[in-house]
Structures are given as C-alpha cells and as structure tokens.
$ cat start_7.cif   # mmCIF, C-alpha atoms
data_model
loop_
_atom_site.label_atom_id
_atom_site.label_comp_id
_atom_site.auth_asym_id
_atom_site.auth_seq_id
_atom_site.Cartn_x
_atom_site.Cartn_y
_atom_site.Cartn_z
CA MET A 2 80.40 -2.70 24.89
CA LEU A 3 79.87 1.04 24.60
CA SER A 4 80.80 0.96 20.90
CA GLU A 5 77.97 -1.48 20.40
CA LEU A 6 75.56 0.90 22.13
CA ILE A 7 76.73 3.83 20.00
CA ILE A 8 76.52 1.78 16.79
CA TYR A 9 73.02 0.60 17.69
CA ILE A 10 71.75 4.12 18.37
CA ALA A 11 73.43 5.64 15.30
CA LYS A 12 72.26 2.87 12.96
CA SER A 13 68.70 3.21 14.20
CA LEU A 14 68.68 6.94 13.49
CA VAL A 15 70.29 7.20 10.06
CA ASP A 16 69.12 6.40 6.54
CA GLU A 17 72.34 4.58 5.63
CA PRO A 18 73.21 2.24 8.51
CA ASP A 19 75.99 0.60 6.47
CA LYS A 20 77.99 3.80 6.66
CA VAL A 21 78.02 3.94 10.47
CA GLU A 22 81.45 3.34 12.00
CA VAL A 23 82.75 3.73 15.52
CA GLU A 24 86.40 3.78 16.43
CA GLU A 25 87.43 3.24 20.03
CA ILE A 26 90.56 5.00 21.27
CA SER A 27 91.46 3.80 24.74
CA GLY A 28 93.36 6.02 27.12
CA GLU A 29 94.30 5.35 30.73
CA ARG A 30 91.13 6.63 32.32
CA THR A 31 89.14 7.73 29.31
CA VAL A 32 87.91 6.05 26.18
CA VAL A 33 87.20 8.20 23.17
CA TYR A 34 84.62 6.95 20.69
CA GLU A 35 84.72 8.47 17.25
CA LEU A 36 81.44 8.15 15.41
CA LYS A 37 81.31 8.43 11.63
CA VAL A 38 78.11 8.41 9.60
CA GLY A 39 77.27 8.94 5.93
CA LYS A 40 77.46 12.50 4.59
CA ASP A 41 73.71 12.98 4.39
CA ASP A 42 73.08 11.50 7.82
CA ILE A 43 75.08 13.87 9.99
CA GLY A 44 72.00 15.93 10.74
CA LYS A 45 70.18 12.81 11.94
CA VAL A 46 72.73 12.15 14.69
CA ILE A 47 73.13 15.81 15.63
CA GLY A 48 69.49 16.83 15.59
CA LYS A 49 67.83 20.19 15.99
CA ALA A 50 70.13 22.53 17.95
CA GLY A 51 72.35 19.51 18.71
CA LYS A 52 69.62 17.89 20.77
CA THR A 53 70.15 14.35 19.46
CA ALA A 54 73.96 14.52 19.82
CA LYS A 55 73.54 15.76 23.37
CA ALA A 56 71.10 12.96 24.16
CA ILE A 57 73.44 10.30 22.74
CA ARG A 58 76.32 11.73 24.82
CA THR A 59 74.17 11.68 27.97
CA ILE A 60 73.25 8.03 27.42
CA VAL A 61 76.86 7.05 26.67
CA THR A 62 78.03 8.85 29.82
CA ALA A 63 75.38 7.10 31.92
CA ALA A 64 76.37 3.71 30.51
CA SER A 65 80.06 4.45 31.09
CA MET A 66 79.42 5.13 34.77
CA LYS A 67 78.23 1.58 35.09
CA VAL A 68 81.45 0.34 33.48
CA GLY A 69 83.55 2.76 35.55
CA LYS A 70 85.60 4.35 32.79
CA ARG A 71 84.99 7.84 31.44
CA ALA A 72 83.69 7.88 27.88
CA VAL A 73 83.86 10.72 25.41
CA LEU A 74 81.87 10.68 22.20
CA GLU A 75 83.18 12.59 19.21
CA ILE A 76 80.95 12.90 16.19
CA LEU A 77 83.22 13.36 13.18
CA GLU A 78 82.22 15.66 10.35
CA PRO A 79 82.16 13.64 7.14
CA SER A 80 85.07 14.58 4.90
CA MET B 10 53.21 14.57 12.66
CA VAL B 11 51.81 11.41 14.16
CA ASN B 12 48.37 10.46 15.40
CA HIS B 13 46.86 13.20 13.34
CA GLU B 14 43.60 14.27 14.76
CA THR B 15 41.63 16.65 12.68
CA GLU B 16 38.12 17.91 12.09
CA ILE B 17 36.40 17.45 8.76
CA GLU B 18 33.33 19.22 7.44
CA ALA B 19 31.28 17.78 4.59
CA GLY B 20 27.76 17.34 3.28
CA SER B 21 27.25 13.91 4.79
CA VAL B 22 28.95 11.60 7.27
CA GLU B 23 29.89 9.28 4.42
CA ASP B 24 31.61 12.12 2.53
CA ALA B 25 33.33 13.30 5.67
CA ILE B 26 34.78 9.83 6.29
CA LYS B 27 36.09 9.68 2.72
CA LYS B 28 37.62 13.13 3.10
CA GLY B 29 39.15 12.09 6.41
CA LEU B 30 40.80 9.00 4.94
CA GLU B 31 42.23 11.12 2.18
CA LYS B 32 43.48 13.78 4.54
CA LEU B 33 45.21 11.24 6.81
CA GLY B 34 46.58 9.33 3.83
CA LEU B 35 44.90 6.07 4.84
CA GLN B 36 43.62 3.28 2.59
CA SER B 37 40.84 1.69 4.59
CA ARG B 38 38.40 2.86 7.24
CA ASP B 39 39.72 0.16 9.60
CA GLU B 40 42.76 2.37 10.03
CA MET B 41 40.76 5.37 11.22
CA GLU B 42 38.60 6.29 14.19
CA TRP B 43 35.93 8.95 13.88
CA LYS B 44 33.33 10.69 15.95
CA VAL B 45 30.44 12.81 14.72
CA ILE B 46 30.57 16.24 16.34
CA TYR B 47 27.75 17.83 14.45
CA ASP B 48 25.17 16.48 12.04
CA GLY B 49 22.63 18.95 10.82
CA GLU B 50 20.96 20.48 7.82
CA GLU B 51 23.92 22.65 6.88
CA GLY B 52 26.26 19.65 6.87
CA VAL B 53 28.24 17.49 9.20
CA LYS B 54 31.41 17.83 11.14
CA ILE B 55 33.40 14.81 12.30
CA LYS B 56 36.62 14.35 14.19
CA VAL B 57 38.98 11.77 12.71
CA LYS B 58 42.24 10.25 13.83
CA ASN B 59 44.64 7.43 13.01
CA LYS B 60 43.92 4.24 14.86
CA VAL B 61 46.91 2.95 16.75
CA ASP B 62 47.58 -0.67 15.83
CA GLU B 63 48.14 -1.66 19.42
CA PRO B 64 49.46 -5.25 19.31
CA LYS B 65 51.87 -4.35 16.52
CA SER B 66 53.08 -1.16 18.21
CA VAL B 67 53.48 -2.87 21.55
CA LYS B 68 55.56 -5.63 20.01
CA LEU B 69 57.81 -3.18 18.18
CA VAL B 70 58.29 -1.07 21.30
CA GLU B 71 59.05 -4.10 23.46
CA GLU B 72 61.62 -5.41 21.02
CA GLU B 73 63.31 -2.06 20.56
CA ILE B 74 63.53 -1.35 24.27
CA SER B 75 64.90 -4.75 25.17
CA THR B 76 67.62 -4.29 22.51
CA PHE B 77 68.39 -0.86 23.95
CA LEU B 78 68.68 -2.25 27.48
CA GLU B 79 70.89 -5.08 26.28
CA LYS B 80 73.23 -2.60 24.55
CA LEU B 81 73.33 -0.56 27.75
CA GLY B 82 74.57 -3.69 29.49
CA THR B 83 71.50 -4.36 31.60
CA THR B 84 68.16 -6.14 31.54
CA GLY B 85 64.78 -5.06 32.78
CA LYS B 86 61.03 -5.21 32.67
CA VAL B 87 58.92 -3.07 30.36
CA GLU B 88 55.31 -2.16 31.16
CA ILE B 89 53.25 -0.62 28.40
CA GLU B 90 49.94 1.19 28.80
CA GLN B 91 47.82 3.09 26.34
CA GLU B 92 47.42 6.64 27.59
CA HIS B 93 45.24 8.92 25.44
CA ASN B 94 46.88 8.69 22.02
CA ARG B 95 50.24 7.67 23.39
CA LEU B 96 51.94 4.59 24.71
CA TYR B 97 53.20 5.03 28.25
CA ILE B 98 56.26 2.86 28.76
CA ASN B 99 57.65 2.23 32.19
CA ILE B 100 61.06 0.59 32.30
CA LYS B 101 62.40 -1.07 35.43
CA THR B 102 65.97 -2.23 35.12
CA LYS B 103 67.92 -4.67 37.23
CA ASP B 104 70.58 -2.17 38.30
CA MET B 105 70.48 1.05 36.27
CA ASP B 106 67.33 2.99 37.18
CA GLY B 107 69.23 5.79 38.93
CA LEU B 108 71.64 6.24 36.03
CA LEU B 109 68.84 6.21 33.50
CA ILE B 110 66.87 8.85 35.39
CA GLY B 111 69.85 11.11 36.14
CA LYS B 112 69.91 14.35 38.04
CA SER B 113 66.40 15.93 37.97
CA GLY B 114 65.42 13.41 35.30
CA ARG B 115 67.86 14.80 32.75
CA ASN B 116 69.06 11.41 31.51
CA LEU B 117 65.47 10.25 31.23
CA GLU B 118 64.78 13.14 28.81
CA SER B 119 67.70 11.98 26.65
CA ILE B 120 66.40 8.43 26.64
CA GLN B 121 62.93 9.73 25.77
CA HIS B 122 64.38 11.69 22.85
CA ILE B 123 66.51 8.85 21.45
CA LEU B 124 63.98 6.04 21.90
CA SER B 125 61.14 8.02 20.39
CA ARG B 126 63.35 8.94 17.42
CA ILE B 127 64.38 5.29 16.97
CA ILE B 128 60.83 3.99 17.19
CA HIS B 129 59.45 6.79 15.00
CA ASN B 130 61.89 5.77 12.29
CA LYS B 131 60.28 2.33 12.24
CA ASP B 132 56.65 3.39 12.72
CA ASN B 133 55.77 7.03 12.83
CA SER B 134 52.25 6.46 14.07
CA ILE B 135 53.55 5.65 17.54
CA ASP B 136 53.90 8.44 20.09
CA LEU B 137 55.48 7.39 23.32
CA THR B 138 56.21 8.56 26.80
CA ILE B 139 59.19 6.83 28.37
CA ASP B 140 59.43 6.46 32.11
CA VAL B 141 61.90 4.73 34.40
CA ALA B 142 60.66 3.22 37.66
CA GLY B 143 57.62 5.54 37.59
CA TYR B 144 59.80 8.64 38.09
CA ARG B 145 58.05 10.74 35.44
CA ARG B 146 54.55 9.91 36.72
CA LYS B 147 55.50 10.94 40.23
CA LYS B 148 57.14 14.14 39.02
CA GLU B 149 54.16 14.92 36.81
CA HIS B 150 51.82 14.49 39.74
CA THR B 151 53.83 16.84 41.98
CA LEU B 152 53.99 19.37 39.16
CA LYS B 153 50.22 19.30 38.61
CA VAL B 154 49.60 19.93 42.30
CA ARG B 155 52.02 22.87 42.21
CA ALA B 156 50.47 24.19 38.98
CA ARG B 157 47.02 24.27 40.59
CA ALA B 158 48.33 26.09 43.63
CA PHE B 159 50.18 28.64 41.49
CA ALA B 160 47.08 29.16 39.34
CA GLU B 161 45.12 30.12 42.47
CA GLU B 162 47.90 32.51 43.45
CA VAL B 163 47.90 34.08 39.97
CA LYS B 164 44.12 34.58 40.16
CA ARG B 165 44.40 36.16 43.59
CA SER B 166 47.35 38.46 42.88
CA GLY B 167 46.75 39.13 39.18
CA ARG B 168 50.45 38.57 38.58
CA GLU B 169 52.08 36.01 36.29
CA PHE B 170 53.92 32.98 37.54
CA ILE B 171 56.84 31.52 35.55
CA PHE B 172 57.84 27.88 36.00
CA GLU B 173 61.41 26.64 35.93
CA PRO B 174 62.48 25.26 32.50
CA LEU B 175 60.63 22.00 31.85
CA PRO B 176 60.89 19.27 29.21
CA PRO B 177 58.05 19.07 26.61
CA SER B 178 56.10 16.30 28.32
CA LEU B 179 55.92 18.19 31.60
CA ARG B 180 55.03 21.45 29.88
CA ARG B 181 52.17 19.60 28.22
CA ALA B 182 51.06 18.31 31.63
CA VAL B 183 50.96 21.86 33.06
CA HIS B 184 49.05 23.28 30.06
CA LEU B 185 46.46 20.51 30.31
CA GLU B 186 46.10 20.76 34.07
CA ILE B 187 45.51 24.52 33.94
CA SER B 188 43.27 24.49 30.87
CA ASP B 189 40.12 23.78 32.88
CA ILE B 190 40.74 26.49 35.47
CA GLU B 191 38.86 29.66 34.71
CA GLY B 192 40.53 33.05 35.02
CA VAL B 193 44.02 31.91 34.06
CA ARG B 194 45.76 30.91 30.86
CA THR B 195 49.14 29.41 30.05
CA TYR B 196 51.74 30.03 27.38
CA THR B 197 55.37 29.11 26.76
CA ILE B 198 58.42 31.36 26.62
CA GLY B 199 62.08 30.67 25.90
CA GLU B 200 64.09 28.60 23.47
CA THR B 201 64.98 24.93 22.99
CA ASP B 202 66.10 23.44 26.30
CA LEU B 203 65.03 26.42 28.37
CA LYS B 204 61.35 26.65 27.54
CA LYS B 205 59.22 27.74 30.48
CA VAL B 206 55.49 27.70 31.05
CA VAL B 207 53.92 30.92 32.23
CA ILE B 208 50.61 31.00 34.11
CA SER B 209 48.98 34.31 33.47
CA PRO B 210 45.69 35.99 34.42
CA ALA B 211 43.21 35.48 31.58
CA LYS B 212 42.29 38.59 29.62
CA LYS B 213 38.83 39.80 30.45
#

$ encode --input "start_7.cif" --output "structure tokens"
Amino acid sequence: MLSELIIYIAKSLVDEPDKVEVEEISGERTVVYELKVGKDDIGKVIGKAGKTAKAIRTIVTAASMKVGKRAVLEILEPS
Amino acid sequence: MVNHETEIEAGSVEDAIKKGLEKLGLQSRDEMEWKVIYDGEEGVKIKVKNKVDEPKSVKLVEEEISTFLEKLGTTGKVEIEQEHNRLYINIKTKDMDGLLIGKSGRNLESIQHILSRIIHNKDNSIDLTIDVAGYRRKKEHTLKVRARAFAEEVKRSGREFIFEPLPPSLRRAVHLEISDIEGVRTYTIGETDLKKVVISPAKK
C-alpha cells in the first residue's frame, strides 16, 4: 500500500512517470522503500534544499504509522 | 509564477488591456481580469491578473486530493473555498487528521508542499492552501492576535520582536496582518526551513 502512495507521488512530480520504480524490502519491523526515477527527474523528487524529499518522507512516515510498521524511504541516485 | 498580477501603463485602456494579455501570455480577454487604477491625460494605468477558471480548478483539485487520500489508505471530505487569489482546501478524513497535521502542523506543511507541487504540474494557475480539519485557520488566527500584540509592544519599547520559525503561509499571514499598523514594519530573516518574521519599529 505504501509503495502505491510513493509511486503516485513520484509519478505526479516527474516528467517521465514511466521511469518511476519502487522496490519494497521488508524487514521484521521496518520496510525499506527504494525509489528510482529517471536521470533528469532526480531534482524533481528531491527539491530545493531537499524540501520535496523531506516532505515525501514525512508523508510516508505518517501513513506508515497508520499501518503500524516503520517505513524508510531511500531515494536512489540514478546510475 | 502563478496568478500573475501586474500593473500596466499605456496610452489608452484598450492598449493597456492588449499589453496585459501579452505580458501574461494569454490569448483572450476572457482569461484576464483588470481594473483601471488611473485614467488621465498622461495615460492610463491598469492592474491585470489571470482569471482563475474556478469550476475546472475545483474539479482538478477534488480529483487529485481524493486520489491522494485513497493512496494514503483513507477517505475524507474536501471543502474548497476561493480565498483572495487562492483556493483554500480543508480536508477532513475519516481517521487520519491527527497524523496528517503532525506535531505543530509539520506534516501538514509537507502535505501542502507535495499537493501544491502535484497540482501545479497539472495546472500552474492554481495556488492553494491546504488545511486539515481547520487546523491552519485556527493557528493563523492565534498567530494574527499574537502579531498584533507584539506590534504594540514593539511600538512601545522601540525594540524588535522575532517570531519563531514559521512556514511560508503563516509568515505571509503575519506580514499582511502587520502591514496596516503604523509605526512598525516586518521583514524576514533566516534560511529555508528556519525563516523567521521580524517585527521592527518603522524608520522615521
């Protein structure tokens, strides 16, 4: 469910929504979400001074509290 | 930016309107509002701004917010009001208001940032203020009352007062509230997330 939220937000922010991918890595108490976007879109999900990335993390954390499992969002640098 | 509002000077009102359309990048005068500020022998001055296409904007905002709520795993009601040049959007969810507001409204600021970015990407003429369960309105009201009291104190003592760091919307509220009080002025100090409004005695 949280991957869907992250995909929705990321796709709405970028120029190339087809290149948005989220991988979910489930641990015992924590789920790590790895977000990948197109090379030219990284700035769109990070924002000025990291403001957008921080806002996405805050929203993901709030949503995870409802589910009851800690969520960590990693934004991967495009290779 | 959005909702450009600008003043145009020209020889006649007709010319000023044409110039205004050009300046705002609009095709037809239905897309623009204008007001004549001055019309005299030396020329005219008008104020022009983009017209907000309300039904269309409201529909877009409603759709986008209900998708957002669905992805968050909740449902809710969305109230939309036109407030100056902005849309004021109050969201009431079934079970997530507290989480969406967060400590001192921090989560609400994140939601404001993300939703306005998302909606701007689809229509950059829409400026919006996001609220959850009326939290922002209440906070804004309290802040305005405090700002007025501090302004009086600044006038009396001649010393500056510095607010705690505030998000952009609340800084705007303080600036506007103080702008009609004589003898004081406001400005902003600090960087990014730590910007603070200062109320200062006006220079004589």

$ residues_around --input "start_7.cif" --residues "Ile57 of chain A" --least-positions-apart "4" --cutoff "12 Å" --atoms "all atoms listed in the file" --output "PyMOL selection string"
(chain A and resi 3+6-11+14+34+36+45-48+51-53+61-64+72-76) or (chain B and resi 81+116-124+126-127)

$ interface_residues --input "start_7.cif" --of "chain B" --to "chain A" --cutoff "12 Å" --atoms "all atoms listed in the file" --output "VMD selection string"
chain B and resid 73 to 74 76 to 83 104 to 112 114 to 131 200 to 202

$ resolve_selection --input "start_7.cif" --expression "the PyMOL selection byres ((chain B and resi 171) around 7)" --output "VMD selection string"
chain B and resid 169 to 170 172 to 173 205 to 208

$ atom_distance --input "start_7.cif" --atom1 "atom CA of Val23 of chain A" --atom2 "atom CA of Thr102 of chain B"
26.5 Å

$ atom_distance --input "start_7.cif" --atom1 "atom CA of Gly192 of chain B" --atom2 "atom CA of Arg145 of chain B"
28.4 Å

$ closest_residue --input "start_7.cif" --among "A:Ile43, A:Thr31, A:Asp19, A:Lys37" --to "Arg71 of chain A" --atoms "only C-alpha atoms"
A:Thr31

$ resolve_selection --input "start_7.cif" --expression "the PyMOL selection byres ((chain B and resi 191) around 12)" --output "list of chain:residue names"
B:Arg157, B:Ala160, B:Glu161, B:Val163, B:Lys164, B:Glu186, B:Ile187, B:Ser188, B:Asp189, B:Ile190, B:Gly192, B:Val193, B:Arg194, B:Thr195, B:Ile208, B:Ser209, B:Pro210, B:Ala211, B:Lys212, B:Lys213

$ resolve_selection --input "start_7.cif" --expression "the PyMOL selection byres ((chain B and resi 183) around 8)" --output "ChimeraX atom specification"
/B:152-153,156,179-182,184-187,206

$ closest_residue --input "start_7.cif" --among "B:Ser166, B:Asn59, B:Ser66, B:Ser37" --to "Leu137 of chain B" --atoms "only C-alpha atoms"
B:Ser66

$ atom_distance --input "start_7.cif" --atom1 "atom CA of Lys68 of chain B" --atom2 "atom CA of Arg146 of chain B"
22.8 Å

$ closest_residue --input "start_7.cif" --among "A:Lys20, A:Glu78, A:Glu25, A:Lys70" --to "Gly39 of chain A" --atoms "only C-alpha atoms"
A:Lys20
